[in-house]
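Participant: Data: target.txt, compact mmCIF, C-alpha atoms (C1' of nucleotides).
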```txt
# COMPACT_ATOMS: atom_id res chain seq x y z
CA MET A 1 -13.63 58.82 2.04
CA GLU A 2 -15.79 61.83 2.57
CA PRO A 3 -16.17 63.27 6.03
CA ARG A 4 -18.54 61.31 8.16
CA THR A 5 -21.02 64.13 8.57
CA ALA A 6 -20.86 65.61 5.12
CA ARG A 7 -24.43 64.50 4.46
CA PRO A 8 -25.86 63.52 7.81
CA THR A 9 -29.34 63.08 6.42
CA ALA A 10 -28.16 60.51 3.91
CA PRO A 11 -28.52 56.91 5.05
CA HIS A 12 -25.47 55.89 7.00
CA ASP A 13 -24.43 53.72 9.89
CA HIS A 14 -25.25 56.14 12.62
CA ASP A 15 -24.37 53.70 15.38
CA ARG A 16 -20.89 54.05 14.05
CA CYS A 17 -21.06 57.84 14.36
CA ILE A 18 -22.01 57.45 17.99
CA ALA A 19 -19.40 54.81 18.73
CA ASP A 20 -16.69 56.89 17.08
CA ALA A 21 -17.74 59.98 18.98
CA LEU A 22 -17.57 58.13 22.28
CA ASP A 23 -14.18 56.68 21.42
CA MET A 24 -12.86 60.11 20.55
CA ALA A 25 -14.30 61.46 23.77
CA GLU A 26 -12.46 58.85 25.80
CA ALA A 27 -9.26 59.76 24.03
CA VAL A 28 -9.74 63.50 24.49
CA CYS A 29 -10.49 63.13 28.18
CA ALA A 30 -7.65 60.72 28.76
CA LYS A 31 -5.35 63.29 27.23
CA SER A 32 -6.68 66.26 29.16
CA GLY A 33 -6.98 64.35 32.42
CA ALA A 34 -10.71 65.06 32.57
CA ARG A 35 -13.13 62.44 33.74
CA LEU A 36 -15.71 61.19 31.32
CA THR A 37 -18.09 59.86 33.95
CA PRO A 38 -21.00 57.58 33.03
CA LEU A 39 -23.39 60.50 33.25
CA ARG A 40 -21.31 62.72 31.00
CA ARG A 41 -20.80 59.86 28.61
CA ARG A 42 -24.52 59.20 28.55
CA VAL A 43 -25.32 62.84 27.81
CA LEU A 44 -22.80 62.88 24.99
CA GLU A 45 -24.41 59.75 23.61
CA LEU A 46 -27.81 61.44 23.69
CA VAL A 47 -26.47 64.53 21.94
CA TRP A 48 -25.13 62.22 19.27
CA ASN A 49 -28.43 60.45 18.79
CA SER A 50 -28.85 62.49 15.66
CA HIS A 51 -27.03 65.08 13.63
CA ARG A 52 -29.61 67.60 14.69
CA PRO A 53 -28.96 70.12 17.42
CA VAL A 54 -30.82 69.01 20.51
CA GLY A 55 -32.09 71.13 23.38
CA ALA A 56 -31.06 70.62 26.98
CA TYR A 57 -34.57 69.70 28.02
CA ALA A 58 -34.93 67.14 25.25
CA ILE A 59 -31.80 65.50 26.59
CA LEU A 60 -33.21 65.73 30.07
CA ASP A 61 -36.39 63.93 29.00
CA GLU A 62 -34.41 61.07 27.51
CA LEU A 63 -32.10 60.95 30.48
CA ARG A 64 -35.06 60.61 32.77
CA GLU A 65 -36.15 57.43 31.12
CA GLY A 66 -33.23 55.72 32.78
CA ASP A 67 -32.65 58.05 35.70
CA ARG A 68 -35.76 59.36 37.37
CA GLY A 69 -33.86 61.80 39.54
CA ALA A 70 -32.33 63.78 36.70
CA ALA A 71 -32.95 67.53 36.90
CA PRO A 72 -31.94 70.52 34.78
CA PRO A 73 -28.59 71.01 36.53
CA THR A 74 -27.75 67.38 35.84
CA VAL A 75 -27.90 68.05 32.13
CA TYR A 76 -26.43 71.52 32.12
CA ARG A 77 -23.41 70.48 34.13
CA ALA A 78 -22.72 67.62 31.82
CA LEU A 79 -23.17 69.87 28.79
CA ASP A 80 -20.82 72.45 30.28
CA PHE A 81 -18.21 69.78 30.75
CA LEU A 82 -18.62 68.52 27.20
CA LEU A 83 -18.38 72.07 25.87
CA GLU A 84 -15.20 72.67 27.84
CA GLN A 85 -13.67 69.53 26.42
CA GLY A 86 -14.71 70.57 22.91
CA LEU A 87 -16.79 67.41 22.52
CA ILE A 88 -19.93 69.31 21.62
CA HIS A 89 -20.77 72.73 20.26
CA ARG A 90 -23.54 75.05 21.26
CA ILE A 91 -25.74 76.39 18.48
CA GLU A 92 -26.58 79.86 19.71
CA SER A 93 -29.34 80.55 17.25
CA LEU A 94 -31.21 77.47 18.42
CA ASN A 95 -30.21 77.26 22.08
CA ALA A 96 -29.22 73.72 21.35
CA PHE A 97 -26.23 71.41 21.25
CA VAL A 98 -24.62 69.20 18.66
CA GLY A 99 -21.72 66.77 18.73
CA CYS A 100 -18.34 67.73 17.36
CA ASP A 101 -16.88 65.15 15.03
CA HIS A 102 -13.27 66.26 15.36
CA PRO A 103 -12.83 67.31 18.96
CA GLU A 104 -9.15 66.57 18.82
CA ASP A 105 -8.00 69.70 17.10
CA ARG A 106 -8.79 73.29 17.88
CA HIS A 107 -10.89 74.87 15.20
CA VAL A 108 -13.11 77.79 14.34
CA SER A 109 -16.16 75.99 13.16
CA GLN A 110 -19.15 77.11 11.20
CA PHE A 111 -22.52 75.45 10.98
CA LEU A 112 -24.91 74.93 8.11
CA ILE A 113 -28.30 74.41 9.66
CA CYS A 114 -31.18 73.22 7.53
CA THR A 115 -34.46 74.74 8.62
CA ASN A 116 -36.29 71.94 6.87
CA CYS A 117 -34.70 68.74 8.20
CA ASN A 118 -32.96 70.42 11.15
CA ALA A 119 -29.64 68.80 10.42
CA ALA A 120 -26.58 70.80 11.37
CA VAL A 121 -23.37 70.20 9.51
CA GLU A 122 -20.16 71.51 10.92
CA ILE A 123 -17.83 72.86 8.31
CA ASP A 124 -14.32 74.03 8.83
CA ASP A 125 -13.77 76.49 6.07
CA ARG A 126 -10.37 78.14 6.04
CA GLY A 127 -11.63 80.92 3.84
CA ILE A 128 -14.29 81.91 6.34
CA ALA A 129 -12.00 81.56 9.33
CA ASN A 130 -9.32 83.64 7.67
CA ALA A 131 -11.70 86.32 6.48
CA VAL A 132 -13.16 86.63 9.95
CA LYS A 133 -9.78 86.74 11.66
CA LYS A 134 -8.47 89.29 9.18
CA SER A 135 -11.45 91.56 9.60
CA ALA A 136 -11.28 91.41 13.39
CA ALA A 137 -7.55 92.06 13.32
CA GLU A 138 -8.06 95.12 11.12
CA ALA A 139 -10.53 96.43 13.69
CA GLY A 140 -8.00 95.80 16.45
CA PHE A 141 -10.43 93.37 17.96
CA SER A 142 -9.15 90.26 19.68
CA VAL A 143 -11.61 87.40 19.25
CA SER A 144 -12.03 84.70 21.84
CA ARG A 145 -15.25 83.13 20.72
CA PHE A 146 -16.61 82.62 17.22
CA THR A 147 -20.28 82.11 16.46
CA ILE A 148 -20.90 81.46 12.79
CA GLU A 149 -24.22 79.85 12.00
CA LEU A 150 -25.89 79.76 8.61
CA GLN A 151 -29.49 78.75 8.39
CA GLY A 152 -31.15 77.76 5.17
CA THR A 153 -31.89 74.73 3.02
CA CYS A 154 -29.54 71.79 2.61
CA PRO A 155 -29.04 70.19 -0.82
CA ALA A 156 -31.06 67.11 0.06
CA CYS A 157 -34.10 69.14 1.12
CA ALA A 158 -33.78 71.45 -1.86
CA ALA A 159 -33.82 68.40 -4.14
CA LYS A 160 -36.91 66.98 -2.48
CA ALA A 161 -38.75 70.27 -2.71
CA ALA A 162 -38.12 70.52 -6.45
CA MET B 1 -16.13 110.83 8.26
CA GLU B 2 -15.85 107.50 9.96
CA PRO B 3 -18.96 105.42 10.49
CA ARG B 4 -20.99 106.60 13.41
CA THR B 5 -20.61 103.38 15.36
CA ALA B 6 -17.01 102.61 14.53
CA ARG B 7 -16.05 103.23 18.16
CA PRO B 8 -19.26 103.37 20.11
CA THR B 9 -17.48 103.49 23.44
CA ALA B 10 -15.60 106.62 22.45
CA PRO B 11 -17.24 109.85 23.60
CA HIS B 12 -19.74 110.96 21.03
CA ASP B 13 -23.05 112.72 20.72
CA HIS B 14 -25.22 109.75 21.42
CA ASP B 15 -28.43 111.74 21.28
CA ARG B 16 -27.55 112.21 17.68
CA CYS B 17 -27.23 108.45 17.18
CA ILE B 18 -30.73 108.02 18.59
CA ALA B 19 -32.22 110.86 16.60
CA ASP B 20 -30.67 109.58 13.39
CA ALA B 21 -31.87 106.06 14.08
CA LEU B 22 -35.41 107.28 14.60
CA ASP B 23 -35.27 109.38 11.46
CA MET B 24 -34.05 106.42 9.46
CA ALA B 25 -36.77 104.29 10.97
CA GLU B 26 -39.42 106.76 9.87
CA ALA B 27 -37.98 106.70 6.38
CA VAL B 28 -37.77 102.92 6.20
CA CYS B 29 -41.33 102.48 7.42
CA ALA B 30 -42.66 105.16 5.13
CA LYS B 31 -41.08 103.34 2.26
CA SER B 32 -42.32 99.89 3.24
CA GLY B 33 -45.76 101.10 4.25
CA ALA B 34 -45.28 99.78 7.77
CA ARG B 35 -46.54 101.70 10.75
CA LEU B 36 -43.98 102.96 13.22
CA THR B 37 -46.42 103.41 16.07
CA PRO B 38 -45.51 105.33 19.23
CA LEU B 39 -44.94 102.06 21.06
CA ARG B 40 -42.64 100.66 18.39
CA ARG B 41 -40.85 103.94 18.16
CA ARG B 42 -40.38 104.00 21.89
CA VAL B 43 -38.97 100.47 21.93
CA LEU B 44 -36.57 101.36 19.14
CA GLU B 45 -35.48 104.37 21.14
CA LEU B 46 -34.84 102.18 24.17
CA VAL B 47 -32.81 99.72 22.10
CA TRP B 48 -30.76 102.66 20.90
CA ASN B 49 -30.14 103.94 24.41
CA SER B 50 -26.69 102.45 24.11
CA HIS B 51 -24.55 100.60 21.64
CA ARG B 52 -24.80 97.55 23.81
CA PRO B 53 -27.15 94.70 23.04
CA VAL B 54 -30.10 94.92 25.38
CA GLY B 55 -32.38 92.16 26.57
CA ALA B 56 -36.13 92.16 26.05
CA TYR B 57 -36.82 92.30 29.76
CA ALA B 58 -34.46 95.23 30.28
CA ILE B 59 -36.47 97.07 27.64
CA LEU B 60 -39.64 96.00 29.35
CA ASP B 61 -38.46 97.43 32.65
CA GLU B 62 -37.73 100.79 31.08
CA LEU B 63 -40.96 100.74 29.16
CA ARG B 64 -42.88 100.19 32.36
CA GLU B 65 -41.61 103.41 33.83
CA GLY B 66 -43.91 105.21 31.44
CA ASP B 67 -46.47 102.51 30.74
CA ARG B 68 -47.53 100.49 33.73
CA GLY B 69 -49.49 97.98 31.69
CA ALA B 70 -46.61 96.81 29.54
CA ALA B 71 -46.09 93.04 29.48
CA PRO B 72 -43.67 90.68 27.74
CA PRO B 73 -45.74 90.42 24.56
CA THR B 74 -45.77 94.19 24.33
CA VAL B 75 -42.01 94.21 23.97
CA TYR B 76 -41.61 91.06 21.92
CA ARG B 77 -44.17 92.16 19.37
CA ALA B 78 -42.48 95.50 18.96
CA LEU B 79 -39.09 93.80 18.65
CA ASP B 80 -40.45 91.41 16.04
CA PHE B 81 -41.71 94.33 14.04
CA LEU B 82 -38.38 96.14 14.28
CA LEU B 83 -36.54 92.98 13.24
CA GLU B 84 -38.81 92.54 10.23
CA GLN B 85 -38.13 96.09 9.17
CA GLY B 86 -34.41 95.57 9.61
CA LEU B 87 -34.25 98.35 12.17
CA ILE B 88 -32.63 96.18 14.81
CA HIS B 89 -30.64 92.98 14.88
CA ARG B 90 -30.86 90.11 17.27
CA ILE B 91 -27.62 88.95 18.88
CA GLU B 92 -28.17 85.24 19.20
CA SER B 93 -25.27 84.57 21.50
CA LEU B 94 -26.65 87.05 24.02
CA ASN B 95 -30.38 86.74 23.50
CA ALA B 96 -30.38 90.48 23.06
CA PHE B 97 -31.06 93.21 20.55
CA VAL B 98 -29.10 96.08 19.09
CA GLY B 99 -29.96 98.89 16.71
CA CYS B 100 -28.95 98.74 13.08
CA ASP B 101 -27.31 101.92 11.84
CA HIS B 102 -27.93 101.34 8.16
CA PRO B 103 -31.35 99.74 7.92
CA GLU B 104 -31.84 101.06 4.45
CA ASP B 105 -29.79 98.52 2.58
CA ARG B 106 -29.85 94.77 2.76
CA HIS B 107 -26.71 93.40 4.25
CA VAL B 108 -25.10 90.36 5.80
CA SER B 109 -23.81 91.81 8.99
CA GLN B 110 -21.30 90.62 11.50
CA PHE B 111 -20.87 91.72 15.08
CA LEU B 112 -17.83 92.38 17.19
CA ILE B 113 -18.97 92.08 20.77
CA CYS B 114 -16.68 93.16 23.58
CA THR B 115 -17.06 90.96 26.63
CA ASN B 116 -15.54 93.71 28.74
CA CYS B 117 -17.56 96.82 27.89
CA ASN B 118 -20.41 94.92 26.22
CA ALA B 119 -20.43 97.16 23.17
CA ALA B 120 -21.46 95.52 19.92
CA VAL B 121 -20.19 96.97 16.69
CA GLU B 122 -21.80 95.93 13.47
CA ILE B 123 -19.36 95.47 10.65
CA ASP B 124 -20.18 94.79 7.06
CA ASP B 125 -17.16 93.01 5.78
CA ARG B 126 -17.32 91.96 2.18
CA GLY B 127 -14.54 89.45 2.67
CA ILE B 128 -16.47 87.60 5.36
CA ALA B 129 -19.77 87.77 3.52
CA ASN B 130 -18.18 86.49 0.33
CA ALA B 131 -16.26 83.70 2.05
CA VAL B 132 -19.40 82.55 3.78
CA LYS B 133 -21.52 82.66 0.66
CA LYS B 134 -18.87 80.87 -1.35
CA SER B 135 -18.51 78.11 1.20
CA ALA B 136 -22.25 77.59 1.46
CA ALA B 137 -22.59 77.57 -2.32
CA GLU B 138 -19.89 74.90 -2.60
CA ALA B 139 -21.84 72.78 -0.15
CA GLY B 140 -24.98 73.31 -2.21
CA PHE B 141 -26.52 75.00 0.78
CA SER B 142 -28.87 77.93 0.27
CA VAL B 143 -28.55 80.38 3.15
CA SER B 144 -31.45 82.49 4.31
CA ARG B 145 -30.15 83.68 7.63
CA PHE B 146 -26.63 84.59 8.68
CA THR B 147 -25.47 84.64 12.28
CA ILE B 148 -21.89 85.83 12.61
CA GLU B 149 -20.93 87.01 16.06
CA LEU B 150 -17.41 87.45 17.33
CA GLN B 151 -16.87 87.90 21.01
CA GLY B 152 -13.65 89.18 22.47
CA THR B 153 -11.93 92.38 23.50
CA CYS B 154 -12.33 95.67 21.70
CA PRO B 155 -9.29 97.92 21.11
CA ALA B 156 -10.37 100.45 23.74
CA CYS B 157 -10.67 97.82 26.46
CA ALA B 158 -7.42 96.16 25.40
CA ALA B 159 -5.69 99.54 25.73
CA LYS B 160 -7.14 100.13 29.18
CA ALA B 161 -6.08 96.69 30.38
CA ALA B 162 -2.49 97.24 29.31
C1' DT C 1 -6.94 51.64 57.72
C1' DT C 2 -9.02 55.79 58.28
C1' DC C 3 -9.38 60.24 57.63
C1' DA C 4 -9.60 64.35 54.91
C1' DC C 5 -10.29 66.04 50.71
C1' DC C 6 -12.43 67.02 46.47
C1' DA C 7 -14.73 66.40 42.32
C1' DC C 8 -19.12 64.89 41.17
C1' DA C 9 -23.88 64.61 41.54
C1' DA C 10 -28.58 65.22 43.81
C1' DA C 11 -32.20 68.10 45.12
C1' DT C 12 -34.81 72.19 45.48
C1' DA C 13 -35.80 76.53 44.23
C1' DT C 14 -35.77 80.26 41.28
C1' DA C 15 -34.26 83.33 37.48
C1' DT C 16 -34.50 84.48 32.63
C1' DT C 17 -36.26 84.39 28.05
C1' DA C 18 -40.21 83.71 25.03
C1' DT C 19 -44.87 82.47 23.31
C1' DA C 20 -49.92 81.07 23.27
C1' DA C 21 -54.48 82.49 23.32
C1' DC C 22 -58.05 85.52 23.41
C1' DA C 23 -60.21 90.09 24.23
C1' DA C 24 -60.41 94.92 23.28
C1' DC C 25 -59.48 98.72 20.58
C1' DA C 26 -57.92 101.69 16.71
C1' DT C 27 -57.27 102.66 11.88
C1' DA C 28 -57.96 102.77 7.13
C1' DA C 29 -60.59 101.51 3.18
C1' DT C 30 -64.89 100.96 1.29
C1' DA D 1 -71.36 103.69 9.05
C1' DT D 2 -69.41 99.25 8.13
C1' DT D 3 -66.19 96.07 7.75
C1' DA D 4 -61.64 94.19 7.44
C1' DT D 5 -57.25 94.46 9.26
C1' DG D 6 -53.74 95.44 12.22
C1' DT D 7 -52.31 96.78 16.81
C1' DT D 8 -52.33 96.52 21.69
C1' DG D 9 -53.93 94.69 26.33
C1' DT D 10 -54.20 90.88 29.43
C1' DT D 11 -53.50 86.55 31.49
C1' DA D 12 -51.34 82.47 31.59
C1' DT D 13 -47.75 79.41 30.64
C1' DA D 14 -43.81 77.37 28.07
C1' DA D 15 -38.93 76.92 27.39
C1' DT D 16 -34.31 77.76 28.74
C1' DA D 17 -30.87 78.36 32.38
C1' DT D 18 -28.69 79.07 36.95
C1' DA D 19 -28.02 79.54 42.17
C1' DT D 20 -27.53 77.23 46.28
C1' DT D 21 -27.23 73.80 49.56
C1' DT D 22 -26.46 69.14 50.65
C1' DG D 23 -25.04 64.42 49.89
C1' DT D 24 -21.80 60.85 48.14
C1' DG D 25 -18.11 58.17 46.62
C1' DG D 26 -13.48 57.62 45.21
C1' DT D 27 -8.48 58.94 45.99
C1' DG D 28 -4.42 59.78 48.22
C1' DA D 29 -1.89 61.06 52.61
C1' DA D 30 -0.87 59.86 57.20
```
If you convert what's in this file into structure tokens, what do you get?

Facilitator:
Amino acid sequence: MEPRTARPTAPHDHDRCIADALDMAEAVCAKSGARLTPLRRRVLELVWNSHRPVGAYAILDELREGDRGAAPPTVYRALDFLLEQGLIHRIESLNAFVGCDHPEDRHVSQFLICTNCNAAVEIDDRGIANAVKKSAAEAGFSVSRFTIELQGTCPACAAKAA
Amino acid sequence: MEPRTARPTAPHDHDRCIADALDMAEAVCAKSGARLTPLRRRVLELVWNSHRPVGAYAILDELREGDRGAAPPTVYRALDFLLEQGLIHRIESLNAFVGCDHPEDRHVSQFLICTNCNAAVEIDDRGIANAVKKSAAEAGFSVSRFTIELQGTCPACAAKAA
DNA sequence: TTCACCACAAATATATTATAACAACATAAT
DNA sequence: ATTATGTTGTTATAATATATTTGTGGTGAA
């Protein structure tokens, strides 16, 4: 079986992606002793509505459909929590957020972001991680946060364009 | 001779960094036929005031000391121009800008950003660039824009902390 | 039970970063 | 000189993010 998000734009049972993500989130929080409150759970669900990075204010708009009182801090606090738990990642080059499909293990992730369909695929390439760590080590630099984001055209969009 | 920005926090003749950057900018623009106007030149100079990434509004504040009428678009347009010419880079994880010390050749750059002293060093590691390109190629993904930013502690700050 | 605590969330205001839209001006090419 | 083009000025506003203060509800200790 290929990874669930290998081709997020291909037809797939996305409800399953969401359900799995929520199940994993419950497990992660149970383990860490953190509380996945209904609000936090709801925000995670909204992040997972697609495989595209989604902005905080887009989440806020959706949240407001059910909760009129929601305000920016409502969303940002929930996002901060989800980031801390490793349940989502922040895409710096887009100021947006995307779900993590393997929050259980620590990882240095990289993202392939299609500028055509906006899908973001998280990859976990050992070669990249090692090259980056090696280079930093050679410079005597101790890395605490990795931001590796590649923008371009995904195979599906390249095929369509041809 | 080691690269000029290998240890930007070490004492060095920073006026020389600025002068060199401006000279290179003149050369790059002469070659590309672009116009390095006084305003653009001034903004580049302000970006180069340090080896730390600097925000657009910080530049704007400095710009206003000499030019009362400066407004956000004044700065952003100049920054866009400098980015197009490859004279500066944008640090996505900081929403800030830093000078490029070798604008003459195309490169996939990476940044080591110290969260203590805020210095950003541009490295040009073949190993990282190759690993990234290889991984993207394997995924059939065509990359047009690379964002590789490593935050952590630089050797100088690590030494001081010890 | 009841109180004290504390994490969570609500509510309001504001800070920070970035762009849209249009007018005025300068430059270079013809 | 005239025109096309690129640059800058100006005003307004959009988009993203945080500070701060107050309320609220669940949990455990007494």

Participant: Pull out every residue of chain A that has at least one atom within 9 Å of chain B, counting all atoms listed in the file, and report them as a ChimeraX atom specification.

Facilitator: /A:6,91-95,112-114,123,125,127-132,134-136,139-156,158

Participant: Within 10 Å of chain C, which residues of chain A show up when using all atoms listed in the file, listed as a tab-separated table (two decimals) with C-alpha atoms, in the frame of the given file?

Facilitator:
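Okay, selection_32.tsv is ready:
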```
chain	number	residue	atom	x	y	z
A	35	ARG	CA	-13.13	62.44	33.74
A	37	THR	CA	-18.09	59.86	33.95
A	39	LEU	CA	-23.39	60.50	33.25
A	69	GLY	CA	-33.86	61.80	39.54
A	70	ALA	CA	-32.33	63.78	36.70
A	71	ALA	CA	-32.95	67.53	36.90
A	73	PRO	CA	-28.59	71.01	36.53
A	74	THR	CA	-27.75	67.38	35.84
A	77	ARG	CA	-23.41	70.48	34.13
```

Participant: Report, in Å to a single decimal, how far apart CA of Ala56 (chain A) and CA of Ile59 (chain B) are.

Facilitator: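 Distance reported for this atom pair: 27.0 Å.
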
Participant: After superposing chain A onto chain B (least squares, all C-alpha atoms, pairing by order), export the transformed chain as a short mmCIF file (atom, residue, chain, number, x, y, z; two decimals) with C-alpha atoms, in the frame of the given file.

Facilitator:
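Output file selection_11.cif follows:
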```
data_model
loop_
_atom_site.label_atom_id
_atom_site.label_comp_id
_atom_site.auth_asym_id
_atom_site.auth_seq_id
_atom_site.Cartn_x
_atom_site.Cartn_y
_atom_site.Cartn_z
CA MET A 1 -16.06 110.91 8.40
CA GLU A 2 -15.79 107.55 10.03
CA PRO A 3 -18.89 105.46 10.52
CA ARG A 4 -20.96 106.60 13.42
CA THR A 5 -20.57 103.40 15.38
CA ALA A 6 -16.98 102.62 14.58
CA ARG A 7 -16.02 103.25 18.20
CA PRO A 8 -19.25 103.36 20.14
CA THR A 9 -17.48 103.49 23.47
CA ALA A 10 -15.60 106.63 22.51
CA PRO A 11 -17.25 109.85 23.63
CA HIS A 12 -19.74 110.97 21.05
CA ASP A 13 -23.05 112.72 20.74
CA HIS A 14 -25.22 109.74 21.40
CA ASP A 15 -28.43 111.75 21.28
CA ARG A 16 -27.56 112.20 17.67
CA CYS A 17 -27.23 108.44 17.19
CA ILE A 18 -30.71 108.01 18.58
CA ALA A 19 -32.22 110.85 16.58
CA ASP A 20 -30.64 109.56 13.38
CA ALA A 21 -31.86 106.05 14.06
CA LEU A 22 -35.40 107.28 14.58
CA ASP A 23 -35.27 109.38 11.44
CA MET A 24 -34.05 106.42 9.43
CA ALA A 25 -36.78 104.29 10.95
CA GLU A 26 -39.44 106.75 9.84
CA ALA A 27 -38.00 106.69 6.36
CA VAL A 28 -37.79 102.91 6.20
CA CYS A 29 -41.35 102.47 7.40
CA ALA A 30 -42.69 105.16 5.12
CA LYS A 31 -41.11 103.31 2.25
CA SER A 32 -42.33 99.86 3.22
CA GLY A 33 -45.78 101.08 4.21
CA ALA A 34 -45.30 99.77 7.75
CA ARG A 35 -46.53 101.71 10.71
CA LEU A 36 -44.01 102.96 13.20
CA THR A 37 -46.46 103.39 16.05
CA PRO A 38 -45.52 105.31 19.21
CA LEU A 39 -44.94 102.06 21.04
CA ARG A 40 -42.67 100.64 18.36
CA ARG A 41 -40.87 103.93 18.12
CA ARG A 42 -40.40 103.99 21.87
CA VAL A 43 -38.98 100.47 21.91
CA LEU A 44 -36.57 101.34 19.13
CA GLU A 45 -35.50 104.38 21.12
CA LEU A 46 -34.83 102.18 24.15
CA VAL A 47 -32.81 99.71 22.09
CA TRP A 48 -30.76 102.65 20.91
CA ASN A 49 -30.12 103.93 24.40
CA SER A 50 -26.67 102.46 24.10
CA HIS A 51 -24.53 100.60 21.64
CA ARG A 52 -24.80 97.55 23.82
CA PRO A 53 -27.15 94.72 23.03
CA VAL A 54 -30.10 94.94 25.38
CA GLY A 55 -32.38 92.16 26.55
CA ALA A 56 -36.13 92.16 26.03
CA TYR A 57 -36.81 92.31 29.74
CA ALA A 58 -34.46 95.24 30.25
CA ILE A 59 -36.47 97.08 27.63
CA LEU A 60 -39.63 96.00 29.35
CA ASP A 61 -38.44 97.44 32.67
CA GLU A 62 -37.71 100.80 31.08
CA LEU A 63 -40.96 100.74 29.17
CA ARG A 64 -42.84 100.19 32.38
CA GLU A 65 -41.59 103.40 33.83
CA GLY A 66 -43.89 105.22 31.47
CA ASP A 67 -46.45 102.52 30.80
CA ARG A 68 -47.44 100.45 33.79
CA GLY A 69 -49.43 97.99 31.72
CA ALA A 70 -46.55 96.83 29.56
CA ALA A 71 -46.06 93.05 29.51
CA PRO A 72 -43.64 90.70 27.76
CA PRO A 73 -45.74 90.44 24.58
CA THR A 74 -45.76 94.22 24.34
CA VAL A 75 -42.01 94.22 23.96
CA TYR A 76 -41.65 91.09 21.90
CA ARG A 77 -44.20 92.21 19.35
CA ALA A 78 -42.49 95.51 18.94
CA LEU A 79 -39.11 93.81 18.65
CA ASP A 80 -40.48 91.41 16.05
CA PHE A 81 -41.72 94.33 14.03
CA LEU A 82 -38.40 96.13 14.27
CA LEU A 83 -36.56 92.97 13.25
CA GLU A 84 -38.83 92.53 10.25
CA GLN A 85 -38.16 96.08 9.17
CA GLY A 86 -34.42 95.54 9.61
CA LEU A 87 -34.26 98.35 12.17
CA ILE A 88 -32.64 96.17 14.80
CA HIS A 89 -30.64 92.97 14.86
CA ARG A 90 -30.87 90.09 17.26
CA ILE A 91 -27.63 88.95 18.86
CA GLU A 92 -28.16 85.23 19.19
CA SER A 93 -25.26 84.56 21.50
CA LEU A 94 -26.64 87.04 24.01
CA ASN A 95 -30.39 86.74 23.47
CA ALA A 96 -30.38 90.47 23.06
CA PHE A 97 -31.07 93.20 20.54
CA VAL A 98 -29.11 96.07 19.09
CA GLY A 99 -29.97 98.88 16.70
CA CYS A 100 -28.95 98.73 13.07
CA ASP A 101 -27.29 101.89 11.85
CA HIS A 102 -27.93 101.33 8.16
CA PRO A 103 -31.34 99.72 7.93
CA GLU A 104 -31.83 101.05 4.45
CA ASP A 105 -29.81 98.51 2.58
CA ARG A 106 -29.89 94.76 2.79
CA HIS A 107 -26.72 93.38 4.26
CA VAL A 108 -25.11 90.35 5.81
CA SER A 109 -23.82 91.83 8.99
CA GLN A 110 -21.31 90.62 11.50
CA PHE A 111 -20.90 91.74 15.07
CA LEU A 112 -17.84 92.38 17.19
CA ILE A 113 -18.97 92.07 20.76
CA CYS A 114 -16.68 93.15 23.56
CA THR A 115 -17.05 90.96 26.61
CA ASN A 116 -15.54 93.70 28.72
CA CYS A 117 -17.57 96.82 27.88
CA ASN A 118 -20.43 94.93 26.20
CA ALA A 119 -20.43 97.16 23.17
CA ALA A 120 -21.46 95.53 19.92
CA VAL A 121 -20.19 96.96 16.69
CA GLU A 122 -21.80 95.95 13.47
CA ILE A 123 -19.35 95.48 10.66
CA ASP A 124 -20.16 94.81 7.08
CA ASP A 125 -17.14 93.01 5.79
CA ARG A 126 -17.32 91.95 2.17
CA GLY A 127 -14.55 89.46 2.66
CA ILE A 128 -16.46 87.62 5.35
CA ALA A 129 -19.76 87.78 3.50
CA ASN A 130 -18.17 86.49 0.33
CA ALA A 131 -16.25 83.72 2.04
CA VAL A 132 -19.39 82.56 3.79
CA LYS A 133 -21.51 82.68 0.65
CA LYS A 134 -18.86 80.86 -1.36
CA SER A 135 -18.49 78.11 1.19
CA ALA A 136 -22.25 77.59 1.47
CA ALA A 137 -22.59 77.57 -2.30
CA GLU A 138 -19.88 74.92 -2.60
CA ALA A 139 -21.84 72.79 -0.14
CA GLY A 140 -24.99 73.30 -2.20
CA PHE A 141 -26.52 75.00 0.78
CA SER A 142 -28.87 77.91 0.28
CA VAL A 143 -28.57 80.37 3.15
CA SER A 144 -31.48 82.45 4.33
CA ARG A 145 -30.19 83.67 7.64
CA PHE A 146 -26.66 84.58 8.68
CA THR A 147 -25.49 84.63 12.28
CA ILE A 148 -21.93 85.83 12.60
CA GLU A 149 -20.95 87.01 16.05
CA LEU A 150 -17.42 87.45 17.33
CA GLN A 151 -16.87 87.90 21.01
CA GLY A 152 -13.65 89.18 22.46
CA THR A 153 -11.94 92.40 23.49
CA CYS A 154 -12.33 95.70 21.68
CA PRO A 155 -9.31 97.95 21.11
CA ALA A 156 -10.38 100.46 23.73
CA CYS A 157 -10.67 97.82 26.46
CA ALA A 158 -7.43 96.17 25.40
CA ALA A 159 -5.69 99.53 25.74
CA LYS A 160 -7.11 100.12 29.20
CA ALA A 161 -6.10 96.68 30.38
CA ALA A 162 -2.50 97.21 29.31
#
```

Participant: Check which residues of chain D sit at most 9 Å from chain A using all atoms listed in the file, and return one row each with the closest pair of atoms and their distance in Å to one decimal, ordered by chain and rising number, as CSV.

Facilitator:
```
residue,atom,partner,partner_atom,distance
D:DA15,C1',A:Tyr57,CA,8.5
D:DT16,C1',A:Asn95,CA,7.8
D:DA17,C1',A:Tyr76,CA,8.2
D:DT18,C1',A:Pro73,CA,8.1
```
